[in-house]
>>> print(open('protein12.pdb').read())   # PDB, C-alpha atoms, pLDDT in the B column
ATOM      1  CA  LEU A   1     -13.096 -17.906   4.446  1.00 53.00           C
ATOM      2  CA  THR A   2     -11.116 -20.882   5.777  1.00 55.00           C
ATOM      3  CA  ALA A   3     -14.424 -22.562   6.627  1.00 54.00           C
ATOM      4  CA  LEU A   4     -15.283 -22.353   2.924  1.00 52.00           C
ATOM      5  CA  GLY A   5     -12.073 -24.001   1.829  1.00 54.00           C
ATOM      6  CA  ALA A   6      -9.669 -21.058   1.652  1.00 57.00           C
ATOM      7  CA  ALA A   7      -6.048 -21.420   2.756  1.00 59.00           C
ATOM      8  CA  THR A   8      -3.294 -18.877   3.458  1.00 61.00           C
ATOM      9  CA  THR A   9      -0.108 -18.968   1.356  1.00 59.00           C
ATOM     10  CA  PRO A  10       3.371 -18.184   2.814  1.00 57.00           C
ATOM     11  CA  THR A  11       3.069 -14.638   1.393  1.00 59.00           C
ATOM     12  CA  GLY A  12      -0.192 -14.006   3.272  1.00 57.00           C
ATOM     13  CA  ASP A  13      -2.544 -14.284   0.278  1.00 63.00           C
ATOM     14  CA  LEU A  14      -5.796 -16.269   0.536  1.00 58.00           C
ATOM     15  CA  VAL A  15      -6.207 -19.145  -1.936  1.00 58.00           C
ATOM     16  CA  TYR A  16      -9.620 -20.675  -2.550  1.00 56.00           C
ATOM     17  CA  GLN A  17      -9.916 -24.056  -4.274  1.00 57.00           C
ATOM     18  CA  GLN A  18     -12.889 -23.846  -6.593  1.00 56.00           C
ATOM     19  CA  PRO A  19     -15.162 -26.891  -7.017  1.00 55.00           C
ATOM     20  CA  SER A  20     -15.286 -28.762 -10.279  1.00 55.00           C
ATOM     21  CA  ALA A  21     -16.406 -26.591 -13.136  1.00 57.00           C
ATOM     22  CA  PRO A  22     -20.098 -26.947 -14.058  1.00 59.00           C
ATOM     23  CA  PRO A  23     -21.017 -28.124 -17.553  1.00 62.00           C
ATOM     24  CA  PRO A  24     -20.565 -25.414 -20.170  1.00 67.00           C
ATOM     25  CA  VAL A  25     -23.544 -23.219 -20.936  1.00 64.00           C
ATOM     26  CA  ALA A  26     -24.152 -21.855 -24.389  1.00 63.00           C
ATOM     27  CA  PRO A  27     -23.418 -18.123 -24.401  1.00 63.00           C
ATOM     28  CA  ARG A  28     -26.281 -15.733 -24.830  1.00 65.00           C
ATOM     29  CA  PRO A  29     -26.082 -12.832 -27.230  1.00 62.00           C
ATOM     30  CA  GLU A  30     -25.185  -9.644 -25.374  1.00 60.00           C
ATOM     31  CA  ALA A  31     -25.746  -6.024 -26.148  1.00 57.00           C
ATOM     32  CA  ALA A  32     -22.784  -4.047 -27.356  1.00 60.00           C
ATOM     33  CA  THR A  33     -20.615  -2.851 -24.487  1.00 58.00           C
ATOM     34  CA  PRO A  34     -20.528   0.944 -24.264  1.00 61.00           C
ATOM     35  CA  PRO A  35     -17.084   2.539 -24.370  1.00 60.00           C
ATOM     36  CA  PRO A  36     -15.510   3.194 -20.962  1.00 54.00           C
ATOM     37  CA  ALA A  37     -16.263   6.536 -19.416  1.00 53.00           C
ATOM     38  CA  LYS A  38     -13.632   9.215 -19.717  1.00 53.00           C
ATOM     39  CA  PRO A  39     -11.481   9.147 -16.567  1.00 47.00           C
ATOM     40  CA  PRO A  40     -11.959  12.090 -14.216  1.00 50.00           C
ATOM     41  CA  ALA A  41      -9.558  15.002 -14.342  1.00 51.00           C
ATOM     42  CA  PRO A  42      -6.876  14.958 -11.649  1.00 46.00           C
ATOM     43  CA  PRO A  43      -7.915  16.823  -8.505  1.00 46.00           C
ATOM     44  CA  ALA A  44      -6.621  20.347  -8.025  1.00 48.00           C
ATOM     45  CA  TRP A  45      -4.714  19.409  -4.885  1.00 37.00           C
ATOM     46  CA  LEU A  46      -2.503  17.108  -6.932  1.00 37.00           C
ATOM     47  CA  GLN A  47      -0.479  20.148  -8.028  1.00 42.00           C
ATOM     48  CA  ARG A  48      -0.738  21.902  -4.685  1.00 42.00           C
ATOM     49  CA  PRO A  49       2.659  22.830  -3.191  1.00 38.00           C
ATOM     50  CA  ILE A  50       3.431  21.108   0.078  1.00 35.00           C
ATOM     51  CA  ALA A  51       3.604  23.425   3.053  1.00 36.00           C
ATOM     52  CA  PRO A  52       6.585  22.850   5.319  1.00 34.00           C
ATOM     53  CA  THR A  53       5.755  21.351   8.679  1.00 33.00           C
ATOM     54  CA  THR A  54       6.039  23.446  11.792  1.00 31.00           C
ATOM     55  CA  SER A  55       5.208  20.573  14.107  1.00 32.00           C
ATOM     56  CA  GLY A  56       8.658  20.555  15.715  1.00 30.00           C
ATOM     57  CA  LEU A  57       8.433  16.763  15.926  1.00 28.00           C
ATOM     58  CA  THR A  58      11.998  15.588  16.499  1.00 29.00           C
ATOM     59  CA  LEU A  59      13.521  12.443  17.930  1.00 28.00           C
ATOM     60  CA  THR A  60      16.918  12.172  19.523  1.00 28.00           C
ATOM     61  CA  THR A  61      16.664   8.501  20.433  1.00 30.00           C
ATOM     62  CA  GLU A  62      16.946   7.237  16.829  1.00 34.00           C
ATOM     63  CA  PRO A  63      19.811   7.576  14.331  1.00 33.00           C
ATOM     64  CA  THR A  64      19.259  10.162  11.604  1.00 36.00           C
ATOM     65  CA  ALA A  65      21.064   8.124   8.930  1.00 43.00           C
ATOM     66  CA  PRO A  66      18.944   6.019   6.534  1.00 45.00           C
ATOM     67  CA  LEU A  67      18.093   2.535   7.714  1.00 46.00           C
ATOM     68  CA  THR A  68      20.232  -0.372   6.518  1.00 51.00           C
ATOM     69  CA  TRP A  69      19.451  -4.074   6.429  1.00 45.00           C
ATOM     70  CA  ALA A  70      21.977  -4.560   9.239  1.00 51.00           C
ATOM     71  CA  ASP A  71      20.014  -2.087  11.364  1.00 50.00           C
ATOM     72  CA  LEU A  72      16.874  -4.131  10.874  1.00 50.00           C
ATOM     73  CA  ASP A  73      18.576  -7.435  11.613  1.00 50.00           C
ATOM     74  CA  ALA A  74      19.759  -5.994  14.932  1.00 54.00           C
ATOM     75  CA  ASP A  75      16.398  -4.467  15.871  1.00 63.00           C
ATOM     76  CA  PRO A  76      13.754  -6.888  17.199  1.00 63.00           C
ATOM     77  CA  ARG A  77      11.148  -4.072  17.080  1.00 74.00           C
ATOM     78  CA  ARG A  78      11.399  -3.641  13.321  1.00 75.00           C
ATOM     79  CA  PHE A  79       8.312  -5.619  12.337  1.00 79.00           C
ATOM     80  CA  ALA A  80       6.130  -4.078  15.039  1.00 83.00           C
ATOM     81  CA  ARG A  81       7.189  -0.561  14.040  1.00 85.00           C
ATOM     82  CA  GLY A  82       6.621  -1.364  10.381  1.00 85.00           C
ATOM     83  CA  ARG A  83       3.126  -2.647  11.126  1.00 87.00           C
ATOM     84  CA  LEU A  84       2.340   0.533  13.033  1.00 89.00           C
ATOM     85  CA  VAL A  85       3.580   2.758  10.175  1.00 89.00           C
ATOM     86  CA  HIS A  86       1.500   0.728   7.733  1.00 89.00           C
ATOM     87  CA  ALA A  87      -1.594   0.958   9.947  1.00 88.00           C
ATOM     88  CA  LEU A  88      -1.194   4.726  10.297  1.00 89.00           C
ATOM     89  CA  LEU A  89      -0.960   5.119   6.525  1.00 88.00           C
ATOM     90  CA  GLN A  90      -3.975   2.867   6.083  1.00 83.00           C
ATOM     91  CA  HIS A  91      -6.253   4.711   8.527  1.00 75.00           C
ATOM     92  CA  SER A  92      -4.967   8.281   8.455  1.00 65.00           C
ATOM     93  CA  ALA A  93      -7.214   9.278   5.554  1.00 60.00           C
ATOM     94  CA  LEU A  94     -10.176   8.999   7.915  1.00 55.00           C
ATOM     95  CA  ALA A  95      -8.901  12.141   9.656  1.00 53.00           C
ATOM     96  CA  GLU A  96      -7.581  13.967   6.595  1.00 60.00           C
ATOM     97  CA  ALA A  97      -9.141  17.316   7.443  1.00 58.00           C
ATOM     98  CA  THR A  98      -7.464  17.482  10.854  1.00 66.00           C
ATOM     99  CA  LEU A  99      -4.361  15.386  10.254  1.00 78.00           C
ATOM    100  CA  SER A 100      -1.299  16.424  12.231  1.00 84.00           C
ATOM    101  CA  PRO A 101       1.490  14.732  14.185  1.00 85.00           C
ATOM    102  CA  ALA A 102      -0.699  15.067  17.275  1.00 86.00           C
ATOM    103  CA  SER A 103      -3.682  13.330  15.633  1.00 84.00           C
ATOM    104  CA  LEU A 104      -1.402  10.619  14.242  1.00 87.00           C
ATOM    105  CA  SER A 105      -0.052  10.065  17.754  1.00 88.00           C
ATOM    106  CA  THR A 106      -3.619   9.580  18.966  1.00 87.00           C
ATOM    107  CA  TRP A 107      -4.203   7.079  16.161  1.00 84.00           C
ATOM    108  CA  ALA A 108      -0.981   5.257  17.082  1.00 88.00           C
ATOM    109  CA  ALA A 109      -2.051   4.859  20.701  1.00 88.00           C
ATOM    110  CA  ALA A 110      -5.468   3.564  19.596  1.00 86.00           C
ATOM    111  CA  LEU A 111      -3.983   1.096  17.105  1.00 85.00           C
ATOM    112  CA  MET A 112      -1.338  -0.381  19.391  1.00 86.00           C
ATOM    113  CA  PRO A 113      -3.673  -2.879  21.156  1.00 84.00           C
ATOM    114  CA  LEU A 114      -4.746  -4.208  17.741  1.00 82.00           C
ATOM    115  CA  LEU A 115      -1.199  -4.882  16.525  1.00 79.00           C
ATOM    116  CA  GLY A 116      -0.325  -7.398  19.206  1.00 77.00           C
ATOM    117  CA  THR A 117       3.198  -6.165  20.010  1.00 78.00           C
ATOM    118  CA  PRO A 118       3.677  -3.387  22.580  1.00 82.00           C
ATOM    119  CA  LEU A 119       5.994  -0.538  21.596  1.00 86.00           C
ATOM    120  CA  ALA A 120       7.598   2.127  23.729  1.00 86.00           C
ATOM    121  CA  ALA A 121       6.508   5.735  23.346  1.00 88.00           C
ATOM    122  CA  THR A 122       9.707   6.550  21.429  1.00 87.00           C
ATOM    123  CA  ASP A 123       8.975   3.766  18.940  1.00 87.00           C
ATOM    124  CA  GLN A 124       5.424   5.026  18.475  1.00 89.00           C
ATOM    125  CA  ALA A 125       6.725   8.568  17.935  1.00 89.00           C
ATOM    126  CA  TRP A 126       9.214   7.268  15.371  1.00 87.00           C
ATOM    127  CA  ALA A 127       6.401   5.539  13.446  1.00 89.00           C
ATOM    128  CA  VAL A 128       4.331   8.738  13.601  1.00 90.00           C
ATOM    129  CA  GLN A 129       7.297  10.666  12.184  1.00 89.00           C
ATOM    130  CA  GLN A 130       7.501   8.292   9.186  1.00 89.00           C
ATOM    131  CA  ALA A 131       3.752   8.405   8.511  1.00 89.00           C
ATOM    132  CA  TRP A 132       3.649  12.209   8.781  1.00 90.00           C
ATOM    133  CA  ALA A 133       6.586  12.535   6.352  1.00 90.00           C
ATOM    134  CA  VAL A 134       4.768  10.345   3.812  1.00 89.00           C
ATOM    135  CA  TRP A 135       1.622  12.455   4.138  1.00 86.00           C
ATOM    136  CA  GLN A 136       3.599  15.664   3.646  1.00 86.00           C
ATOM    137  CA  HIS A 137       5.649  14.507   0.657  1.00 89.00           C
ATOM    138  CA  HIS A 138       3.032  12.404  -1.165  1.00 88.00           C
ATOM    139  CA  PRO A 139      -0.431  13.923  -0.530  1.00 84.00           C
ATOM    140  CA  GLN A 140      -1.587  12.686  -3.943  1.00 83.00           C
ATOM    141  CA  LEU A 141      -1.942   9.204  -2.427  1.00 86.00           C
ATOM    142  CA  TRP A 142      -5.007  10.377  -0.481  1.00 81.00           C
ATOM    143  CA  GLY A 143      -8.139  12.273  -1.288  1.00 76.00           C
ATOM    144  CA  PRO A 144     -10.469  11.973  -4.296  1.00 80.00           C
ATOM    145  CA  ASN A 145      -9.949   9.169  -6.814  1.00 86.00           C
ATOM    146  CA  THR A 146      -7.966   7.020  -4.357  1.00 88.00           C
ATOM    147  CA  LEU A 147      -8.860   3.733  -2.684  1.00 88.00           C
ATOM    148  CA  ALA A 148      -7.371   2.123   0.445  1.00 87.00           C
ATOM    149  CA  GLU A 149      -6.852  -1.564   1.211  1.00 89.00           C
ATOM    150  CA  VAL A 150      -8.450  -2.877  -1.990  1.00 91.00           C
ATOM    151  CA  ASN A 151      -9.135  -6.636  -2.099  1.00 91.00           C
ATOM    152  CA  LEU A 152      -9.048  -8.206  -5.573  1.00 90.00           C
ATOM    153  CA  ALA A 153      -9.813 -11.849  -6.358  1.00 87.00           C
ATOM    154  CA  TYR A 154      -8.013 -13.175  -9.410  1.00 85.00           C
ATOM    155  CA  THR A 155      -7.913 -16.560 -11.116  1.00 83.00           C
ATOM    156  CA  PRO A 156      -5.118 -16.983 -13.708  1.00 78.00           C
ATOM    157  CA  ALA A 157      -6.072 -18.510 -17.041  1.00 77.00           C
ATOM    158  CA  GLY A 158      -6.217 -22.286 -16.802  1.00 78.00           C
ATOM    159  CA  ALA A 159      -6.162 -22.302 -12.997  1.00 78.00           C
ATOM    160  CA  ASN A 160      -8.928 -23.646 -10.782  1.00 83.00           C
ATOM    161  CA  GLN A 161      -8.159 -21.551  -7.718  1.00 85.00           C
ATOM    162  CA  ALA A 162      -8.630 -17.894  -6.964  1.00 85.00           C
ATOM    163  CA  THR A 163      -6.227 -15.745  -4.959  1.00 85.00           C
ATOM    164  CA  ILE A 164      -7.289 -12.660  -3.023  1.00 88.00           C
ATOM    165  CA  TYR A 165      -4.748  -9.834  -3.157  1.00 89.00           C
ATOM    166  CA  ARG A 166      -4.882  -6.821  -0.849  1.00 91.00           C
ATOM    167  CA  LEU A 167      -3.553  -3.644  -2.450  1.00 93.00           C
ATOM    168  CA  ASP A 168      -2.344  -0.978  -0.017  1.00 92.00           C
ATOM    169  CA  ARG A 169      -3.380   1.988  -2.146  1.00 92.00           C
ATOM    170  CA  VAL A 170      -5.012   2.416  -5.563  1.00 94.00           C
ATOM    171  CA  LEU A 171      -5.071   5.709  -7.481  1.00 92.00           C
ATOM    172  CA  LEU A 172      -7.514   6.138 -10.357  1.00 92.00           C
ATOM    173  CA  GLN A 173      -5.728   8.661 -12.548  1.00 89.00           C
ATOM    174  CA  PRO A 174      -6.124   9.906 -16.152  1.00 88.00           C
ATOM    175  CA  ASP A 175      -3.018   7.937 -17.208  1.00 87.00           C
ATOM    176  CA  GLY A 176      -4.376   4.701 -15.743  1.00 91.00           C
ATOM    177  CA  VAL A 177      -4.644   2.827 -12.471  1.00 94.00           C
ATOM    178  CA  TRP A 178      -1.733   3.143 -10.045  1.00 94.00           C
ATOM    179  CA  ILE A 179      -1.111   0.451  -7.411  1.00 95.00           C
ATOM    180  CA  ILE A 180       1.013   1.609  -4.471  1.00 94.00           C
ATOM    181  CA  ASP A 181       2.575  -0.980  -2.168  1.00 94.00           C
ATOM    182  CA  PHE A 182       3.870   0.264   1.188  1.00 92.00           C
ATOM    183  CA  LYS A 183       7.292  -0.922   2.358  1.00 90.00           C
ATOM    184  CA  ALA A 184       7.193   0.406   5.900  1.00 86.00           C
ATOM    185  CA  ASN A 185      10.347   0.586   8.019  1.00 76.00           C
ATOM    186  CA  PHE A 186      12.503  -1.095   5.364  1.00 78.00           C
ATOM    187  CA  PRO A 187      15.608   0.468   3.804  1.00 78.00           C
ATOM    188  CA  VAL A 188      15.643   1.226   0.090  1.00 84.00           C
ATOM    189  CA  PRO A 189      17.600  -1.602  -1.600  1.00 84.00           C
ATOM    190  CA  SER A 190      20.055  -0.972  -4.416  1.00 85.00           C
ATOM    191  CA  THR A 191      18.116  -3.545  -6.468  1.00 89.00           C
ATOM    192  CA  ILE A 192      14.449  -4.345  -5.961  1.00 89.00           C
ATOM    193  CA  PRO A 193      14.175  -7.938  -4.657  1.00 89.00           C
ATOM    194  CA  THR A 194      12.693 -10.475  -7.050  1.00 90.00           C
ATOM    195  CA  ALA A 195       9.980 -11.302  -4.520  1.00 90.00           C
ATOM    196  CA  TYR A 196       8.721  -7.706  -4.692  1.00 91.00           C
ATOM    197  CA  LEU A 197       8.780  -7.709  -8.499  1.00 92.00           C
ATOM    198  CA  ASP A 198       6.780 -10.951  -8.570  1.00 91.00           C
ATOM    199  CA  GLN A 199       4.336  -9.512  -6.049  1.00 91.00           C
ATOM    200  CA  LEU A 200       3.714  -6.416  -8.178  1.00 93.00           C
ATOM    201  CA  SER A 201       3.360  -8.563 -11.301  1.00 92.00           C
ATOM    202  CA  ARG A 202       0.540 -10.497  -9.636  1.00 91.00           C
ATOM    203  CA  TYR A 203      -1.083  -7.261  -8.538  1.00 93.00           C
ATOM    204  CA  ARG A 204      -0.961  -5.935 -12.119  1.00 94.00           C
ATOM    205  CA  ALA A 205      -2.643  -9.069 -13.460  1.00 92.00           C
ATOM    206  CA  ALA A 206      -5.410  -8.866 -10.846  1.00 92.00           C
ATOM    207  CA  ALA A 207      -5.939  -5.149 -11.470  1.00 94.00           C
ATOM    208  CA  GLN A 208      -6.065  -5.647 -15.240  1.00 91.00           C
ATOM    209  CA  ALA A 209      -8.920  -8.103 -14.774  1.00 89.00           C
ATOM    210  CA  SER A 210     -10.763  -5.580 -12.576  1.00 90.00           C
ATOM    211  CA  TRP A 211     -10.086  -2.507 -14.758  1.00 93.00           C
ATOM    212  CA  PRO A 212      -9.925  -3.955 -18.290  1.00 91.00           C
ATOM    213  CA  GLY A 213      -8.586  -1.620 -20.915  1.00 92.00           C
ATOM    214  CA  ARG A 214      -6.932   0.720 -18.409  1.00 93.00           C
ATOM    215  CA  PRO A 215      -3.137   0.979 -18.185  1.00 93.00           C
ATOM    216  CA  ILE A 216      -1.923  -0.483 -14.897  1.00 94.00           C
ATOM    217  CA  HIS A 217       1.089   1.037 -13.120  1.00 94.00           C
ATOM    218  CA  THR A 218       2.808  -0.031  -9.916  1.00 94.00           C
ATOM    219  CA  ALA A 219       5.076   1.698  -7.418  1.00 94.00           C
ATOM    220  CA  LEU A 220       6.731   0.972  -4.083  1.00 94.00           C
ATOM    221  CA  LEU A 221       6.582   3.492  -1.255  1.00 93.00           C
ATOM    222  CA  TRP A 222       9.650   3.304   0.992  1.00 92.00           C
ATOM    223  CA  THR A 223       8.857   5.074   4.264  1.00 88.00           C
ATOM    224  CA  ALA A 224      12.299   4.803   5.917  1.00 83.00           C
ATOM    225  CA  ALA A 225      14.241   6.773   3.295  1.00 78.00           C
ATOM    226  CA  PRO A 226      15.501  10.208   4.401  1.00 77.00           C
ATOM    227  CA  THR A 227      12.601  11.518   2.303  1.00 84.00           C
ATOM    228  CA  PRO A 228       9.808   8.961   1.724  1.00 87.00           C
ATOM    229  CA  LEU A 229      10.509   7.532  -1.723  1.00 88.00           C
ATOM    230  CA  LEU A 230       7.768   6.664  -4.211  1.00 89.00           C
ATOM    231  CA  GLN A 231       9.522   4.348  -6.678  1.00 91.00           C
ATOM    232  CA  PRO A 232       7.671   3.411  -9.897  1.00 90.00           C
ATOM    233  CA  VAL A 233       8.243  -0.199 -10.953  1.00 91.00           C
ATOM    234  CA  ALA A 234       7.764  -0.930 -14.644  1.00 84.00           C
ATOM    235  CA  GLU A 235       6.486  -4.273 -15.850  1.00 75.00           C
ATOM    236  CA  ALA A 236       9.387  -6.611 -16.599  1.00 60.00           C
TER     237      ALA A 236
END
>>> encode(input="protein12.pdb", output="structure tokens")
Amino acid sequence: LTALGAATTPTGDLVYQQPSAPPPVAPRPEAATPPPAKPPAPPAWLQRPIAPTTSGLTLTTEPTAPLTWADLDADPRRFARGRLVHALLQHSALAEATLSPASLSTWAAALMPLLGTPLAATDQAWAVQQAWAVWQHHPQLWGPNTLAEVNLAYTPAGANQATIYRLDRVLLQPDGVWIIDFKANFPVPSTIPTAYLDQLSRYRAAAQASWPGRPIHTALLWTAAPTPLLQPVAEA
């Protein structure tokens, strides 16, 4: 995309400078737009109770207390571990039928060369533990009516450049479209940072343009909480 004039912003989004607008064209009469189809009913597994794990996956090399920002500042591995957790959540749906701590460990070993930063086996096991906990506590984020790594291009009104946003997870539910943003290996803050609120606001605008007429909801998924926390974030 950079060869076509796209540039990367400090937040990692792609921005494409559009050429000068062509002369206006008289609109053509269009047929009446049919009403949107009724959204599908939620899948049965959405109400399915979560079976407790019997994997016996335990770690004695990591503290059991919730992460703090001080912990992250003192840990040079934090970004690499967060990227691995994120990658496991991104790709684990491909093995949904056979997902287990063991299969996630296999995925972790396969993904490590792609992430660029080597991690010790204990760090990989710690990332697997986080990803497995998310899968166990929030299975509704996978399966039917969900989308992974969704790219949306959006041009705000009056702007001449489009931005491509990548949404971690999208759920198409009867109450609207849910956008889930993963915050992997970060502690849960007492107040959501403004940067995250602005990020979700941009995601809502892009999603509204892609799913017009549907309510758009956003939530943050904190993987490093004692129990993975799915935190809805209302529009300001």
>>> closest_residue(input="protein12.pdb", among="A:Ala195, A:Ala184, A:Leu99, A:Ile179", to="A:His217", atoms="only C-alpha atoms")
A:Ile179
>>> residues_around(input="protein12.pdb", residues="stretch 125-139 of chain A", least_positions_apart="4", cutoff="7 Å", atoms="all atoms listed in the file", output="list in words")
Ile50, Arg81, Leu84, Val85, Leu88, Leu89, Pro101, Leu104, Ser105, Ala121, Thr223, Ala224 and Pro228 of chain A
>>> resolve_selection(input="protein12.pdb", expression="the PyMOL selection byres ((chain A and resi 165-169) around 8)", output="PyMOL selection string")
chain A and resi 13-14+90+141+146-154+163-164+170-171+179-182+203+206
>>> resolve_selection(input="protein12.pdb", expression="the PyMOL selection byres ((chain A and resi 176) around 12)", output="PyMOL selection string")
chain A and resi 38-42+145+170-175+177-179+204+207-208+211-218
>>> resolve_selection(input="protein12.pdb", expression="the PyMOL selection byres ((chain A and resi 118) around 12)", output="JSON, numbers by chain")
{"A": [76, 77, 79, 80, 81, 83, 84, 108, 109, 110, 111, 112, 113, 114, 115, 116, 117, 119, 120, 121, 122, 123, 124]}
>>> atom_distance(input="protein12.pdb", atom1="atom CA of A:Asn185", atom2="atom CA of A:His86")
8.9 Å
>>> atom_distance(input="protein12.pdb", atom1="atom CA of A:Pro187", atom2="atom CA of A:Pro226")
9.8 Å
>>> atom_distance(input="protein12.pdb", atom1="atom CA of A:Thr227", atom2="atom CA of A:Arg202")
27.8 Å
>>> build_atoms(input="protein12.pdb", residues="stretch 200-207 of chain A", atoms="all heavy atoms", output="mmCIF file, in the coordinates of the input")
data_model
loop_
_atom_site.group_PDB
_atom_site.id
_atom_site.type_symbol
_atom_site.label_atom_id
_atom_site.label_comp_id
_atom_site.auth_asym_id
_atom_site.auth_seq_id
_atom_site.Cartn_x
_atom_site.Cartn_y
_atom_site.Cartn_z
ATOM 1 N N LEU A 200 4.339 -7.471 -7.387
ATOM 2 C CA LEU A 200 3.714 -6.416 -8.178
ATOM 3 C C LEU A 200 3.176 -6.959 -9.502
ATOM 4 O O LEU A 200 2.160 -6.475 -10.001
ATOM 5 C CB LEU A 200 4.712 -5.294 -8.427
ATOM 6 C CG LEU A 200 5.162 -4.525 -7.176
ATOM 7 C CD1 LEU A 200 6.181 -3.452 -7.554
ATOM 8 C CD2 LEU A 200 3.976 -3.899 -6.457
ATOM 9 N N SER A 201 3.849 -7.949 -10.061
ATOM 10 C CA SER A 201 3.360 -8.563 -11.301
ATOM 11 C C SER A 201 1.996 -9.212 -11.078
ATOM 12 O O SER A 201 1.085 -9.088 -11.906
ATOM 13 C CB SER A 201 4.375 -9.588 -11.807
ATOM 14 O OG SER A 201 3.905 -10.219 -12.975
ATOM 15 N N ARG A 202 1.844 -9.891 -9.948
ATOM 16 C CA ARG A 202 0.540 -10.497 -9.636
ATOM 17 C C ARG A 202 -0.518 -9.428 -9.415
ATOM 18 O O ARG A 202 -1.675 -9.573 -9.841
ATOM 19 C CB ARG A 202 0.671 -11.399 -8.398
ATOM 20 C CG ARG A 202 1.550 -12.628 -8.615
ATOM 21 C CD ARG A 202 1.415 -13.597 -7.462
ATOM 22 N NE ARG A 202 1.909 -13.049 -6.201
ATOM 23 C CZ ARG A 202 3.159 -13.156 -5.773
ATOM 24 N NH1 ARG A 202 4.054 -13.791 -6.519
ATOM 25 N NH2 ARG A 202 3.523 -12.647 -4.611
ATOM 26 N N TYR A 203 -0.131 -8.350 -8.766
ATOM 27 C CA TYR A 203 -1.083 -7.261 -8.538
ATOM 28 C C TYR A 203 -1.538 -6.658 -9.870
ATOM 29 O O TYR A 203 -2.714 -6.325 -10.049
ATOM 30 C CB TYR A 203 -0.444 -6.167 -7.691
ATOM 31 C CG TYR A 203 -0.257 -6.522 -6.234
ATOM 32 C CD1 TYR A 203 0.368 -5.640 -5.357
ATOM 33 C CD2 TYR A 203 -0.699 -7.740 -5.722
ATOM 34 C CE1 TYR A 203 0.530 -5.956 -4.007
ATOM 35 C CE2 TYR A 203 -0.528 -8.068 -4.390
ATOM 36 C CZ TYR A 203 0.093 -7.167 -3.534
ATOM 37 O OH TYR A 203 0.261 -7.470 -2.218
ATOM 38 N N ARG A 204 -0.594 -6.497 -10.818
ATOM 39 C CA ARG A 204 -0.961 -5.935 -12.119
ATOM 40 C C ARG A 204 -1.963 -6.828 -12.839
ATOM 41 O O ARG A 204 -2.927 -6.344 -13.448
ATOM 42 C CB ARG A 204 0.289 -5.727 -12.975
ATOM 43 C CG ARG A 204 1.048 -4.451 -12.673
ATOM 44 C CD ARG A 204 2.096 -4.177 -13.732
ATOM 45 N NE ARG A 204 3.167 -5.158 -13.717
ATOM 46 C CZ ARG A 204 4.298 -5.042 -13.022
ATOM 47 N NH1 ARG A 204 4.504 -3.969 -12.280
ATOM 48 N NH2 ARG A 204 5.218 -5.976 -13.065
ATOM 49 N N ALA A 205 -1.732 -8.140 -12.785
ATOM 50 C CA ALA A 205 -2.643 -9.069 -13.460
ATOM 51 C C ALA A 205 -4.039 -8.994 -12.849
ATOM 52 O O ALA A 205 -5.050 -8.980 -13.561
ATOM 53 C CB ALA A 205 -2.092 -10.490 -13.380
ATOM 54 N N ALA A 206 -4.107 -8.948 -11.510
ATOM 55 C CA ALA A 206 -5.410 -8.866 -10.846
ATOM 56 C C ALA A 206 -6.104 -7.551 -11.166
ATOM 57 O O ALA A 206 -7.320 -7.516 -11.402
ATOM 58 C CB ALA A 206 -5.231 -9.030 -9.337
ATOM 59 N N ALA A 207 -5.344 -6.453 -11.173
ATOM 60 C CA ALA A 207 -5.939 -5.149 -11.470
ATOM 61 C C ALA A 207 -6.409 -5.068 -12.917
ATOM 62 O O ALA A 207 -7.436 -4.445 -13.211
ATOM 63 C CB ALA A 207 -4.937 -4.038 -11.171
#
